[in-house]
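Q: Provided below: final16.txt, containing compact mmCIF, C-alpha atoms and all ligand atoms.
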# COMPACT_ATOMS: atom_id res chain seq x y z
CA MET A 1 97.30 95.57 91.93
CA LEU A 2 98.35 96.46 95.44
CA HIS A 3 99.62 94.31 98.24
CA ARG A 4 96.68 93.35 100.41
CA PRO A 5 96.71 94.83 103.90
CA LYS A 6 96.89 92.35 106.76
CA ILE A 7 93.58 91.12 108.07
CA GLN A 8 92.64 93.01 111.27
CA HIS A 9 89.19 91.70 112.11
CA CYS A 10 87.43 88.37 111.88
CA LYS A 11 85.20 88.09 108.80
CA THR A 12 82.79 85.89 110.78
CA CYS A 13 82.32 87.76 114.08
CA GLY A 14 84.28 91.02 113.76
CA ALA A 15 86.60 90.39 116.73
CA ALA A 16 90.34 91.05 116.48
CA VAL A 17 92.52 88.41 114.84
CA ALA A 18 96.02 87.33 115.81
CA TYR A 19 98.60 85.96 113.36
CA ARG A 20 99.71 82.59 114.71
CA LEU A 21 100.11 78.95 113.78
CA PRO A 22 96.71 77.25 113.89
CA ASP A 23 96.40 74.20 116.17
CA ASP A 24 95.74 71.78 113.29
CA GLY A 25 99.35 71.13 112.30
CA ASP A 26 99.42 73.92 109.71
CA THR A 27 102.97 75.19 109.19
CA LYS A 28 102.11 78.77 108.18
CA GLU A 29 100.94 81.63 110.38
CA ARG A 30 97.31 82.55 109.70
CA ALA A 31 94.97 85.26 110.90
CA VAL A 32 93.11 83.40 113.65
CA CYS A 33 90.11 84.99 115.37
CA THR A 34 90.73 85.57 119.08
CA ALA A 35 87.01 85.09 119.81
CA CYS A 36 85.48 82.45 117.52
CA HIS A 37 88.80 80.91 116.36
CA THR A 38 87.95 81.09 112.66
CA ILE A 39 91.12 80.67 110.57
CA HIS A 40 91.37 83.13 107.65
CA TYR A 41 93.31 81.66 104.74
CA GLU A 42 94.81 84.13 102.25
CA ASN A 43 95.82 82.95 98.82
CA PRO A 44 97.20 84.61 95.69
CA LEU A 45 94.86 86.57 93.45
CA ASN A 46 94.76 86.18 89.68
CA VAL A 47 95.03 89.24 87.45
CA VAL A 48 93.79 88.49 83.93
CA GLY A 49 94.05 90.52 80.75
CA THR A 50 94.84 90.66 77.05
CA VAL A 51 97.31 91.99 74.52
CA PRO A 52 94.79 93.33 71.96
CA VAL A 53 96.40 93.62 68.54
CA TRP A 54 95.42 95.57 65.40
CA GLY A 55 97.97 95.02 62.61
CA ASN A 56 101.34 95.99 64.07
CA LYS A 57 99.74 97.98 66.88
CA VAL A 58 98.74 97.11 70.44
CA LEU A 59 95.83 98.61 72.35
CA LEU A 60 96.71 100.36 75.61
CA CYS A 61 94.38 101.96 78.15
CA LYS A 62 95.19 105.12 80.11
CA ARG A 63 94.15 104.47 83.69
CA ASN A 64 91.42 106.65 85.15
CA ILE A 65 91.72 105.00 88.59
CA GLU A 66 94.31 104.53 91.28
CA PRO A 67 96.78 103.03 91.55
CA ARG A 68 98.89 104.44 88.70
CA LEU A 69 96.29 106.99 87.64
CA GLY A 70 97.17 108.39 84.20
CA LYS A 71 99.62 105.58 83.36
CA TRP A 72 99.12 103.20 80.42
CA THR A 73 98.24 99.53 80.81
CA LEU A 74 97.00 96.55 78.90
CA PRO A 75 93.36 95.87 79.75
CA ALA A 76 93.47 93.65 82.85
CA GLY A 77 91.94 93.21 86.26
CA PHE A 78 91.14 90.76 89.02
CA MET A 79 89.56 87.47 88.01
CA GLU A 80 86.05 87.00 89.40
CA LEU A 81 84.50 83.88 90.89
CA GLY A 82 82.50 81.88 88.34
CA GLU A 83 84.65 82.61 85.31
CA THR A 84 87.62 81.00 83.59
CA VAL A 85 90.94 82.81 83.17
CA ALA A 86 90.16 83.48 79.50
CA GLU A 87 86.62 84.66 80.29
CA GLY A 88 88.00 87.08 82.87
CA ALA A 89 90.59 88.41 80.43
CA ALA A 90 87.88 88.94 77.80
CA ARG A 91 85.57 90.63 80.31
CA GLU A 92 88.26 93.07 81.40
CA THR A 93 89.02 93.90 77.78
CA THR A 94 85.37 94.66 77.13
CA GLU A 95 84.96 96.66 80.34
CA GLU A 96 88.13 98.74 80.15
CA ALA A 97 88.45 99.32 76.41
CA GLY A 98 85.03 98.58 74.92
CA ALA A 99 86.94 96.68 72.24
CA GLN A 100 85.68 94.14 69.68
CA PHE A 101 88.04 91.18 69.51
CA GLU A 102 88.65 87.44 69.22
CA MET A 103 90.55 85.70 72.00
CA GLN A 104 93.75 83.88 71.02
CA GLU A 105 96.38 81.89 72.92
CA LEU A 106 97.67 82.42 76.45
CA PHE A 107 100.79 84.55 76.01
CA SER A 108 102.29 85.31 79.43
CA MET A 109 101.98 83.90 82.95
CA MET A 110 103.83 85.85 85.60
CA ASN A 111 104.26 85.05 89.28
CA VAL A 112 104.40 88.25 91.31
CA VAL A 113 105.21 86.51 94.56
CA ARG A 114 105.97 89.68 96.52
CA VAL A 115 102.35 90.86 96.25
CA GLY A 116 100.70 87.43 96.15
CA GLN A 117 99.45 87.65 92.57
CA VAL A 118 99.63 85.68 89.33
CA HIS A 119 99.10 87.63 86.11
CA PHE A 120 97.86 86.04 82.89
CA PHE A 121 97.72 87.76 79.49
CA TYR A 122 96.14 86.31 76.35
CA ARG A 123 96.73 87.59 72.86
CA ALA A 124 93.55 88.96 71.32
CA ARG A 125 92.89 89.93 67.70
CA LEU A 126 90.96 93.19 67.44
CA THR A 127 88.16 93.12 64.87
CA SER A 128 87.57 96.88 65.01
CA ASP A 129 89.74 99.92 65.74
CA VAL A 130 86.85 101.77 67.36
CA PHE A 131 86.82 101.65 71.17
CA ASP A 132 84.35 102.59 73.85
CA PRO A 133 86.32 102.70 77.10
CA GLY A 134 84.59 102.32 80.46
CA HIS A 135 84.94 104.57 83.50
CA GLU A 136 88.25 102.98 84.57
CA THR A 137 89.90 104.23 81.36
CA MET A 138 90.58 107.84 80.27
CA GLU A 139 91.61 106.85 76.79
CA ALA A 140 92.09 103.67 74.75
CA ARG A 141 94.61 104.02 71.94
CA LEU A 142 96.62 101.87 69.50
CA PHE A 143 100.42 102.06 69.68
CA ALA A 144 103.09 100.77 67.31
CA GLU A 145 106.22 99.53 69.10
CA GLU A 146 108.15 102.75 68.49
CA ASP A 147 105.36 104.83 70.00
CA ILE A 148 104.86 102.82 73.22
CA PRO A 149 105.25 105.18 76.22
CA TRP A 150 107.67 102.81 77.98
CA ASP A 151 108.27 105.19 80.89
CA GLU A 152 104.55 105.60 81.44
CA ILE A 153 103.56 101.93 81.68
CA ALA A 154 101.60 101.28 84.86
CA PHE A 155 102.85 97.83 85.85
CA ARG A 156 105.99 95.74 85.46
CA THR A 157 104.04 92.71 84.21
CA VAL A 158 102.47 94.83 81.46
CA LYS A 159 105.89 96.13 80.40
CA GLU A 160 107.38 92.62 80.32
CA THR A 161 104.42 91.27 78.37
CA LEU A 162 104.67 94.09 75.80
CA GLN A 163 108.44 93.57 75.39
CA HIS A 164 107.93 89.84 74.78
CA TYR A 165 105.02 90.54 72.45
CA PHE A 166 107.00 92.81 70.12
CA ALA A 167 110.00 90.44 70.17
CA ASP A 168 107.79 87.47 69.26
CA ALA A 169 105.96 89.50 66.60
CA LYS A 170 109.30 90.35 64.99
CA ALA A 171 110.29 86.66 65.03
CA GLN A 172 106.78 85.75 63.78
CA GLN A 173 106.62 83.07 66.46
CA PHE A 174 104.49 83.41 69.57
CA THR A 175 105.23 81.25 72.59
CA LEU A 176 104.00 81.18 76.17
CA HIS A 177 106.23 83.24 78.46
CA GLN A 178 106.47 82.08 82.08
CA ILE A 179 108.13 84.71 84.19
CA ASP A 180 108.86 85.14 87.89
CA ILE A 181 108.84 88.81 88.86
CA VAL A 182 111.09 89.33 91.90
ZN ZN A 201 85.59 85.51 114.94
For the file at hand, write its structure as structure tokens.
A:
Amino acid sequence: MLHRPKIQHCKTCGAAVAYRLPDDGDTKERAVCTACHTIHYENPLNVVGTVPVWGNKVLLCKRNIEPRLGKWTLPAGFMELGETVAEGAARETTEEAGAQFEMQELFSMMNVVRVGQVHFFYRARLTSDVFDPGHETMEARLFAEEDIPWDEIAFRTVKETLQHYFADAKAQQFTLHQIDIV
């Protein structure tokens, strides 16, 4: 979940690009190839994940990869082409935690404008408390609210989602949280 570096080279011919307004009336600067004039459009990326729940506990994964190596996160990652948001969230949960679960409702949608990302988290009901984490995860563990390592959470969107989750769980009413992270 890092800001993407600026495009340096044309993806079509490999020549250098220049950031400028294209000649087609576009009002935003784009990376335009200085040789073949291909315009490279950059758009936000979707990060998709789940809040996997077992009783009053939530499943967190300790990251085995950069960035934020060793910090705790909800299972999440970049959405792939050819899948829906919910399918991506389920795939990441399987890959990172090796969890058994049923997908539930969309729970949080967060615009992270600064880094050009939108993060989506679904609630998921765990059907087993046995996990088989993949290589991106050092450890997958269940945490009650009072045991959450709040200072060791990898990403702001994960922290916000967890805070809203426990508040909603207390109120026994889950709603969709739409948040702009600035
Ligand atoms: Zn080119």
Q: Of the residues A:Pro75, A:Gly82, A:Gly70, A:Pro133, which is the one nearest to Pro149 (chain A), using all atoms listed in the file?
A: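 Of A:Pro75, A:Gly82, A:Gly70, A:Pro133, the one nearest Pro149 (chain A) is A:Gly70, counting all atoms listed in the file.
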Q: Counting all atoms listed in the file, which residue out of A:Cys13, A:Val182, A:Ala89, A:Ile7 sits closest to ligand ZN 201 (chain A)?
A: A:Cys13
Q: List as a tab-separated table every residue of chain A that is in contact with ligand ZN 201 (chain A), defined as an atom at most 9 Å from one of its atoms (using all atoms listed in the file), together with the nearest atom pair and the distance in Å rounded to one decimal, sorted by chain and then rising number.
A:
residue	atom	partner	partner_atom	distance
A:His9	CA	A:ZN201	ZN	7.7
A:Cys10	CA	A:ZN201	ZN	4.6
A:Lys11	CA	A:ZN201	ZN	6.7
A:Thr12	CA	A:ZN201	ZN	5.0
A:Cys13	CA	A:ZN201	ZN	4.1
A:Gly14	CA	A:ZN201	ZN	5.8
A:Ala15	CA	A:ZN201	ZN	5.3
A:Ala16	CA	A:ZN201	ZN	7.5
A:Val17	CA	A:ZN201	ZN	7.5
A:Val32	CA	A:ZN201	ZN	7.9
A:Cys33	CA	A:ZN201	ZN	4.6
A:Thr34	CA	A:ZN201	ZN	6.6
A:Ala35	CA	A:ZN201	ZN	5.1
A:Cys36	CA	A:ZN201	ZN	4.0
A:His37	CA	A:ZN201	ZN	5.8
A:Thr38	CA	A:ZN201	ZN	5.5
A:Ile39	CA	A:ZN201	ZN	8.6
Q: With distances taken over only C-alpha atoms, which of A:Pro44, A:His135, A:Ala99, A:Leu21 is nearest to Arg4 (chain A)?
A: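 Of A:Pro44, A:His135, A:Ala99, A:Leu21, the one nearest Arg4 (chain A), counting only C-alpha atoms, is A:Pro44.
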Q: May I have the residues within 10 Å of Pro67 (chain A) as a PyMOL selection string, using only C-alpha atoms and disregarding those fewer than 2 positions away in the same chain?
A: chain A and resi 1-2+63-65+69-71+154-155
Q: I want to know what sits within 12 Å of Val115 (chain A), based on only C-alpha atoms, with residues of the same chain fewer than 3 positions away left out; could you give that as number ranges by chain?
A: A: 1-6, 42-47, 110-112, 118-119, 181-182
Q: Around all of region 80-95 of chain A's listed atoms, make the axis-aligned box with 6 Å on each side and tell me centre and edge lengths in Å to one decimal, as lines of an AutoDock Vina configuration file.
A:
center_x = 86.7
center_y = 88.8
center_z = 84.0
size_x = 20.4
size_y = 27.7
size_z = 25.8
Q: To one decimal in Å, tell me the separation between CA of Leu60 (chain A) and CA of Thr73 (chain A).
A: 5.5 Å
Q: Could you tell me how far CA of Asp180 (chain A) lies from CA of Lys28 (chain A), in Å and to one decimal?
A: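 Answer for the CA of Asp180 (chain A) to CA of Lys28 (chain A) separation: 22.3 Å.
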Q: May I have the residues within 9 Å of Arg91 (chain A) as a list in words, using only C-alpha atoms and disregarding those fewer than 5 positions away in the same chain?
A: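 Close residues of Arg91 (chain A): Gly49, Ala76, Ala86 and Glu96 of chain A.
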Q: Nearest to Glu146 (chain A) among A:Ser108, A:Asn56, A:Thr127, A:Thr94, with distances taken over all atoms listed in the file: which residue is it?
A: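 Nearest to Glu146 (chain A): A:Asn56.
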Q: Using all atoms listed in the file, which of A:Val48, A:Val130, A:Val53, A:Met103 sits nearest Gly88 (chain A)?
A: A:Val48
Q: Which one is closest to Thr161 (chain A): A:Pro22, A:Gly77, A:Pro52, A:Gly134? Count only C-alpha atoms.
A: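 Looking at the shortest contact to Thr161 (chain A), the residue is A:Pro52.
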Q: Just to confirm, what's the straight-line distance from CA of Tyr41 (chain A) to CA of Arg114 (chain A) in Å (one decimal)?
A: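 Between CA of Tyr41 (chain A) and CA of Arg114 (chain A) the gap works out to 17.1 Å.
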